[in-house]
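Peer 1: Have a look at this one before I ask anything.
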Number of protein chains: 2
Amino acid sequence: MTTRETIQDGIAQPPAGTKGAGTLAFDIAEYDARVRKTKEAMQTRGIDVLLCVNPSNMCYLSGYDSWSFYVHQAVVVALEERHPIWIGRGMDAVGAKVTTYLDDRNILPYPDDYVQSTVKHPMDFVADFLKTKGWDRGSLGVEMDAYYFTAAAYETLKSRLPNATFKDGHGLVNWIRVIKSAREIEYMTQAARIVENAIAAAVDAIHPGNRQCDAAAAIYRAQISGTPEFGGEYTAIVPMLPTGSGTATPHLTWNDSRFVLGEATILELAGCRRRYHCPQARTVHIGKPPQRLVDTAEIVVEGLNAALDAAKPGATCEQVEAAWSRSIRRHGLEKESRIGYSTGLSYPPDWGEHTLSLRPGDKTELRPGMTIHMIPGIWMDDWGIEISECFRVTETGAEPFCTNPRRLFIKD
Amino acid sequence: MTTRETIQDGIAQPPAGTKGAGTLAFDIAEYDARVRKTKEAMQTRGIDVLLCVNPSNMCYLSGYDSWSFYVHQAVVVALEERHPIWIGRGMDAVGAKVTTYLDDRNILPYPDDYVQSTVKHPMDFVADFLKTKGWDRGSLGVEMDAYYFTAAAYETLKSRLPNATFKDGHGLVNWIRVIKSAREIEYMTQAARIVENAIAAAVDAIHPGNRQCDAAAAIYRAQISGTPEFGGEYTAIVPMLPTGSGTATPHLTWNDSRFVLGEATILELAGCRRRYHCPQARTVHIGKPPQRLVDTAEIVVEGLNAALDAAKPGATCEQVEAAWSRSIRRHGLEKESRIGYSTGLSYPPDWGEHTLSLRPGDKTELRPGMTIHMIPGIWMDDWGIEISECFRVTETGAEPFCTNPRRLFIKD
């Protein structure tokens, strides 16, 4: 008896009965279209071979869905090859067979001794593969600022592929992802139902004496169980619930202390369905809120509404932000940071797509099918407030995914 | 009214009343000792200034705990400066004040327009800061293969700091983290109670007709609520629960299909307390298991026990692995991949510490205070099994953190 890990000829043997055990989230035709658009963008940028390591881009192009991005891996798109090629750790090759539409010969596992080794690097293996295909003599695109494309990965490739011309392919696939298909919108609409449930569960669980961790558990339950019709998945960012003076900063999670009467908690949560996110933020105050919070909530909602009204095809990102700024400036409020970003398919640590931002200077024009999380958080010296909406750009304007009330929540 | 985001002189204004709002996980003396050991290792490697971007290392040295690692950030340790310096996004500076022991003047926020910008990079800001301190003329350590140290981050630093000598500081702090203090062991012991509950919740939730997502929700509830005495936190890896033929690969998560009589599910879960993990894997079969699964479970447990017996101060990692290999080879089984790794303090996407591995060739000697997840997963063509233990090395041997039975779980 020998475990399947024994790799023959560098290609994992197809595990009987696993192919298609997962269900593809999209028709093959949709994946084909994504690859075609990617190749077009590659040609525009003069890239022959693109090495995608961003897990969201890997999933977008191949369907690959597994928590294996803690080791080096890639999906390779070559102009001369019809389908992408998955390269990853041996033990994850079956995961690639189960979750992607790729032929087994397009799934290339590397041996385990490349993993977190001090003497070799998985990119050695990737480089050697590119050489065998003759792809080391052209232009090689790499995602320079993608989370899992480390400095060591790049240095390894450069030293191993002296004849390749490296080009920055960062954002290439991300910008294709910006326009969502009908099916992608459908998944985000399902994710919206999940985040509505999660916000409701959180508001319910936030009361004096309850522990923050128990509220977080209730949030997770709603996120992961999903609805009776469809389940939820892990979100690319864990629930954020800064409370009390912690609301002055947005990215604190929870601990096991108890909620206190007279304090506010900011919720930033998402629902996730087939890796597609719908995020939302709301603020909950226990007991009678201070007037400044009530007033600021009104200012924020007014500004949010103004920005949503400004969001339509042809409007630029900075014009949408300007509508917000004009609105809050009338009340003497300013905000430096961006008020939104593109969202959708994602893996940890971020559900943002790293493309357009709603901020001054971003002249990207909105187009139908874009999906944006508008989150104009306000963080003061020792308090803050967040009320957000995730919306899609329609043919005529902006349509929020969620329906729960756009206001400060008050718990008695 | 102006939001706190308006940064004056590049230093965020201290938010009144937030300092110490979070509770440090360790005494200042313990953080001081960590910084001292880091400086010693820097001197050994000839590094004057170390730029840590690994969130676990950032937390280890400063206490910083926030889900902000999706933007570029760092903790800088300089031989000539007593305490580390935190550099991060403006809106996260309050998070640094709340969660670290650092003086406000050691917390350095960068403006928001550096975030995911196409015209500037946060490492421009970091480089400029290093220059103002005169730290661009010595030897600068960077964590070359740390998750969030991208190729673009490195290229930016190199082009902006032409006089610096770059050295690979990858693993420097990780190797200090390998030996745990009494307090760290205490947190891992608490995490063990949490993962025991999570395994129990999972075994309870895995029955024919229940959806995988509902079992995942039950697992999360146990992980996050923790115990009546202490709460749980998010784990660096989400619950893994490949089921049916998916058990042939380890890193699939869940979907909303239902558990089936006659199928196995592999659980790889952790408890997390103050960011310290105790992971554990178990395998659950619904109904009468096939003989091969029963037999393999016995072989795995025998091999696991043999390896645990071999784990003691002075034994090398490869000797521990050899004890496993010898044991399973007697039953005609082989395994290529490593059977364990160091674990403890961690952030997504991995709870491994990227130091020692239990595998041939790793001659690291075990020392008291090391904490290791021994997970000899077996993945066959279309099925698999995992039974693991997380243990600490004591003065005389190995002590597992968990007490639940080391066997195949069978649900009727």
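We label chains A, B, ... in the order they appear in the structure tokens, count residues from 1 in each chain, and number ligands from 1 in the order shown.
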So that I can check the surroundings of region 81-84 of chain B, please list as a list in words every protein, DNA and RNA residue that reaches within 8 Å of it, counting only C-alpha atoms and ignoring chain neighbours fewer than 3 positions away.
Peer 2: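 Listed by chain and then number, they are Val35, Leu61, Ser62, Val75, Val76, Val77, Ala78, Leu102 and Asn106 of chain B.
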Peer 1: Each residue of chain A lying at most 6 Å from chain B should get a row with its shortest atom-to-atom pair and the distance in Å to one decimal, counting only C-alpha atoms; could you produce that, ordered by chain and increasing number, as a tab-separated table?
Peer 2:
residue	atom	partner	partner_atom	distance
A:Met1	CA	B:Leu333	CA	5.5
A:Thr2	CA	B:Glu334	CA	5.6
A:Thr3	CA	B:Met380	CA	4.9
A:Arg4	CA	B:Met380	CA	4.7
A:Pro15	CA	B:Asp381	CA	4.7
A:Thr18	CA	B:Ser245	CA	5.9
A:Ser66	CA	B:Leu252	CA	4.9
A:Trp67	CA	B:His251	CA	5.3
A:Tyr70	CA	B:Pro349	CA	5.4
A:Met91	CA	B:Thr249	CA	5.9
A:Asp92	CA	B:Thr249	CA	5.9
A:Val94	CA	B:Thr249	CA	5.6
A:Gly95	CA	B:Thr249	CA	5.7
A:Asp112	CA	B:Ser337	CA	5.2
A:Met144	CA	B:Ala152	CA	5.0
A:Asp145	CA	B:Ala152	CA	5.0
A:Tyr147	CA	B:Tyr148	CA	5.5
A:Tyr148	CA	B:Tyr147	CA	5.5
A:Phe149	CA	B:Thr150	CA	5.4
A:Thr150	CA	B:Thr150	CA	4.2
A:Ala151	CA	B:Ala151	CA	4.0
A:Ala152	CA	B:Asp145	CA	5.0
A:Tyr154	CA	B:Ala151	CA	6.0
A:Cys213	CA	B:Ser225	CA	5.2
A:Asp214	CA	B:Ser225	CA	4.9
A:Ala217	CA	B:Arg221	CA	4.8
A:Arg221	CA	B:Ala217	CA	4.8
A:Ile224	CA	B:Ala217	CA	5.2
A:Ser225	CA	B:Asp214	CA	4.9
A:Gly231	CA	B:Asp256	CA	4.9
A:Ser245	CA	B:Thr18	CA	5.9
A:Thr249	CA	B:Val94	CA	5.6
A:His251	CA	B:Trp67	CA	5.3
A:Leu252	CA	B:Ser66	CA	5.0
A:Asp256	CA	B:Gly231	CA	4.9
A:Gly332	CA	B:Met1	CA	5.8
A:Leu333	CA	B:Met1	CA	5.6
A:Glu334	CA	B:Thr2	CA	5.6
A:Ser337	CA	B:Asp112	CA	5.2
A:Pro349	CA	B:Tyr70	CA	5.4
A:Asp350	CA	B:Tyr70	CA	5.8
A:Met380	CA	B:Arg4	CA	4.8
A:Asp381	CA	B:Pro15	CA	4.7
A:Asp382	CA	B:Pro15	CA	5.6
Peer 1: Restricting the output to C-alpha atoms, write the selected residues as a PDB file, in the first residue's frame.
Peer 2:
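Writing done, so here's selection06.pdb:
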ATOM      1  CA  MET A   1       0.000   0.000   0.000  1.00  0.00           C
ATOM      2  CA  THR A   2       1.496   3.287  -1.088  1.00  0.00           C
ATOM      3  CA  THR A   3      -0.082   6.667  -0.488  1.00  0.00           C
ATOM      4  CA  ARG A   4      -1.144   8.704  -3.474  1.00  0.00           C
ATOM      5  CA  PRO A  15      -7.905   9.883  -8.113  1.00  0.00           C
ATOM      6  CA  THR A  18     -13.125  12.514  -7.520  1.00  0.00           C
ATOM      7  CA  SER A  66      -9.007  25.346  -1.343  1.00  0.00           C
ATOM      8  CA  TRP A  67      -7.307  26.795   1.723  1.00  0.00           C
ATOM      9  CA  TYR A  70      -0.372  29.351   2.712  1.00  0.00           C
ATOM     10  CA  MET A  91      -1.292  16.981  -1.484  1.00  0.00           C
ATOM     11  CA  ASP A  92      -3.458  19.754  -2.981  1.00  0.00           C
ATOM     12  CA  VAL A  94      -6.603  16.293  -5.742  1.00  0.00           C
ATOM     13  CA  GLY A  95      -8.202  19.510  -4.493  1.00  0.00           C
ATOM     14  CA  ASP A 112       6.484  18.145  -0.408  1.00  0.00           C
ATOM     15  CA  MET A 144       4.148  42.086  -8.167  1.00  0.00           C
ATOM     16  CA  ASP A 145       1.992  43.304  -5.270  1.00  0.00           C
ATOM     17  CA  TYR A 147      -0.420  39.060  -1.212  1.00  0.00           C
ATOM     18  CA  TYR A 148       1.242  35.729  -1.714  1.00  0.00           C
ATOM     19  CA  PHE A 149       3.832  36.753  -4.254  1.00  0.00           C
ATOM     20  CA  THR A 150       6.721  37.243  -1.872  1.00  0.00           C
ATOM     21  CA  ALA A 151      10.040  38.932  -2.512  1.00  0.00           C
ATOM     22  CA  ALA A 152      11.689  35.489  -2.275  1.00  0.00           C
ATOM     23  CA  TYR A 154      10.256  36.826  -7.314  1.00  0.00           C
ATOM     24  CA  CYS A 213     -17.034  36.400  21.760  1.00  0.00           C
ATOM     25  CA  ASP A 214     -20.569  35.075  22.144  1.00  0.00           C
ATOM     26  CA  ALA A 217     -20.164  33.199  17.591  1.00  0.00           C
ATOM     27  CA  ARG A 221     -23.418  30.928  12.893  1.00  0.00           C
ATOM     28  CA  ILE A 224     -21.784  29.926   7.882  1.00  0.00           C
ATOM     29  CA  SER A 225     -25.160  28.201   8.142  1.00  0.00           C
ATOM     30  CA  GLY A 231     -25.071  27.630   2.838  1.00  0.00           C
ATOM     31  CA  SER A 245     -13.420  53.433  22.621  1.00  0.00           C
ATOM     32  CA  THR A 249     -10.326  52.332  14.820  1.00  0.00           C
ATOM     33  CA  HIS A 251      -9.995  46.662  12.367  1.00  0.00           C
ATOM     34  CA  LEU A 252     -10.178  45.314  15.892  1.00  0.00           C
ATOM     35  CA  ASP A 256     -14.248  37.997  25.866  1.00  0.00           C
ATOM     36  CA  GLY A 332     -18.552  70.643   9.040  1.00  0.00           C
ATOM     37  CA  LEU A 333     -17.263  67.080   8.676  1.00  0.00           C
ATOM     38  CA  GLU A 334     -14.208  65.938   6.707  1.00  0.00           C
ATOM     39  CA  SER A 337      -9.633  58.026   3.599  1.00  0.00           C
ATOM     40  CA  PRO A 349      -7.013  38.644   3.947  1.00  0.00           C
ATOM     41  CA  ASP A 350      -9.238  41.085   2.020  1.00  0.00           C
ATOM     42  CA  MET A 380     -12.997  60.373  15.741  1.00  0.00           C
ATOM     43  CA  ASP A 381     -10.655  60.672  18.710  1.00  0.00           C
ATOM     44  CA  ASP A 382     -12.282  57.976  20.799  1.00  0.00           C
TER      45      ASP A 382
END
Peer 1: If we count only C-alpha atoms, what is near Pro289 (chain A) at a cut-off of 9 Å, once residues fewer than 5 positions away on the same chain are taken out, given as a ChimeraX atom specification?
Peer 2: /A:262-264,294,410
Peer 1: Would you compute the distance between CA of Tyr31 (chain B) and CA of Leu130 (chain B)? Give it in Å to one decimal.
Peer 2: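 So the two atoms, CA of Tyr31 (chain B) and CA of Leu130 (chain B), lie 22.9 Å apart.
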Peer 1: As an exercise, work out the distance from CA of Gln280 (chain A) to CA of Leu261 (chain A) in Å and give it to one decimal place.
Peer 2: 23.9 Å
Peer 1: Which of region 190-345 of chain B counts as strand (DSSP E or B) under DSSP, as a ChimeraX atom specification please?
Peer 2: /B:211,240,243,258,264-273,276-286,316,340-343,345
Peer 1: Those same residues - C-alpha atoms - I'd like them written as a PDB file, in the first residue's frame.
Peer 2:
ATOM      1  CA  ARG B 211     -25.535  20.013   5.855  1.00  0.00           C
ATOM      2  CA  MET B 240     -11.158  22.004   7.221  1.00  0.00           C
ATOM      3  CA  THR B 243     -15.807  14.702   3.195  1.00  0.00           C
ATOM      4  CA  ARG B 258     -25.392  16.830   3.190  1.00  0.00           C
ATOM      5  CA  ALA B 264     -15.863   9.765   6.169  1.00  0.00           C
ATOM      6  CA  THR B 265     -15.094  13.379   7.054  1.00  0.00           C
ATOM      7  CA  ILE B 266     -11.693  14.661   8.092  1.00  0.00           C
ATOM      8  CA  LEU B 267     -11.672  17.443  10.665  1.00  0.00           C
ATOM      9  CA  GLU B 268      -8.675  19.702  10.978  1.00  0.00           C
ATOM     10  CA  LEU B 269      -9.511  22.403  13.484  1.00  0.00           C
ATOM     11  CA  ALA B 270      -7.835  24.576  16.063  1.00  0.00           C
ATOM     12  CA  GLY B 271      -8.695  26.508  19.153  1.00  0.00           C
ATOM     13  CA  CYS B 272      -7.197  29.975  19.412  1.00  0.00           C
ATOM     14  CA  ARG B 273      -6.605  32.036  22.536  1.00  0.00           C
ATOM     15  CA  TYR B 276      -2.109  31.123  20.265  1.00  0.00           C
ATOM     16  CA  HIS B 277      -3.294  27.995  18.520  1.00  0.00           C
ATOM     17  CA  CYS B 278      -3.778  24.391  19.465  1.00  0.00           C
ATOM     18  CA  PRO B 279      -4.659  22.467  16.288  1.00  0.00           C
ATOM     19  CA  GLN B 280      -6.029  18.951  16.093  1.00  0.00           C
ATOM     20  CA  ALA B 281      -7.220  16.571  13.394  1.00  0.00           C
ATOM     21  CA  ARG B 282      -9.636  13.680  13.736  1.00  0.00           C
ATOM     22  CA  THR B 283     -11.531  11.542  11.240  1.00  0.00           C
ATOM     23  CA  VAL B 284     -15.206  10.686  11.564  1.00  0.00           C
ATOM     24  CA  HIS B 285     -16.985   7.935   9.670  1.00  0.00           C
ATOM     25  CA  ILE B 286     -20.770   7.687   9.419  1.00  0.00           C
ATOM     26  CA  THR B 316      16.167  15.711  16.078  1.00  0.00           C
ATOM     27  CA  GLY B 340       4.557  18.005  11.651  1.00  0.00           C
ATOM     28  CA  TYR B 341       5.645  21.561  12.230  1.00  0.00           C
ATOM     29  CA  SER B 342       6.036  24.156  14.958  1.00  0.00           C
ATOM     30  CA  THR B 343       2.875  26.050  15.890  1.00  0.00           C
ATOM     31  CA  LEU B 345       1.098  32.474  17.746  1.00  0.00           C
TER      32      LEU B 345
END
Peer 1: Where does DSSP see helix (DSSP H, G or I) in region 93-265 of chain B, if you list the residues as a count of residues only?
Peer 2: 83
Peer 1: Which residues are close to Thr371 (chain B), i.e. within 9 Å by only C-alpha atoms, leaving aside same-chain residues fewer than 6 positions away? Reply as a PyMOL selection string.
Peer 2: chain B and resi 178-180+185+341-344+390-393
Peer 1: Go ahead and write the selection's residues with C-alpha atoms as a short mmCIF file (atom, residue, chain, number, x, y, z; two decimals), in the first residue's frame.
Peer 2:
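Output file part.cif follows:
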data_model
loop_
_atom_site.label_atom_id
_atom_site.label_comp_id
_atom_site.auth_asym_id
_atom_site.auth_seq_id
_atom_site.Cartn_x
_atom_site.Cartn_y
_atom_site.Cartn_z
CA VAL B 178 9.92 28.45 18.64
CA ILE B 179 10.55 28.20 22.40
CA LYS B 180 7.42 29.08 24.34
CA ILE B 185 2.00 27.46 27.08
CA TYR B 341 5.65 21.56 12.23
CA SER B 342 6.04 24.16 14.96
CA THR B 343 2.88 26.05 15.89
CA GLY B 344 1.70 28.75 18.28
CA CYS B 390 -0.34 19.06 19.23
CA PHE B 391 2.27 18.65 21.96
CA ARG B 392 4.87 20.54 23.89
CA VAL B 393 8.36 19.31 24.48
#
Peer 1: Quick one: residues within 8 Å of Pro313 (chain B), only C-alpha atoms counted, chain neighbours fewer than 4 positions away excluded, as a list in words?
Peer 2: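 The residues satisfying every condition are Glu365, Leu366, Arg367, Pro368, Val393, Thr394, Glu395, Thr396 and Gly397 of chain B.
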Peer 1: Restricting the calculation to only C-alpha atoms, which member of B:Ala202, B:Ala127, B:Ile85, B:Cys402 is positioned closest to Gln190 (chain B)?
Peer 2: B:Cys402
Peer 1: Go through A:His207, A:Lys288, A:Arg183, A:Arg36 one by one, measure the shortest atom-to-atom distance of each to Phe259 (chain A) using only C-alpha atoms, and give the residue with the smallest value.
Peer 2: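 Using only C-alpha atoms, the shortest distance to Phe259 (chain A) belongs to A:His207.
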Peer 1: Would you mind telling me which residue in A:Phe409, A:Phe401, A:Tyr60, A:Trp324 lies nearest to Asn174 (chain A) when using only C-alpha atoms?
Peer 2: A:Tyr60
Peer 1: Would you please work out which residue, of B:Ile339, B:Leu172, B:Ala398, B:Leu358, is nearest to Gly46 (chain B) when using only C-alpha atoms?
Peer 2: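 Looking at the shortest contact to Gly46 (chain B), the residue is B:Leu172.
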Peer 1: List the neighbours of Gln43 (chain B) out to 10 Å using only C-alpha atoms; skip same-chain residues closer than 6 positions along the sequence, and give me the result as a ChimeraX atom specification.
Peer 2: /B:37,49,79
Peer 1: Kindly export the residues of the current selection with C-alpha atoms, as a compact mmCIF listing (two decimals), in the first residue's frame.
Peer 2:
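Below is the file again-v3.txt, written as the result:
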# COMPACT_ATOMS: atom_id res chain seq x y z
CA LYS B 37 16.61 38.19 21.73
CA VAL B 49 17.52 47.38 11.36
CA LEU B 79 19.65 48.04 17.35
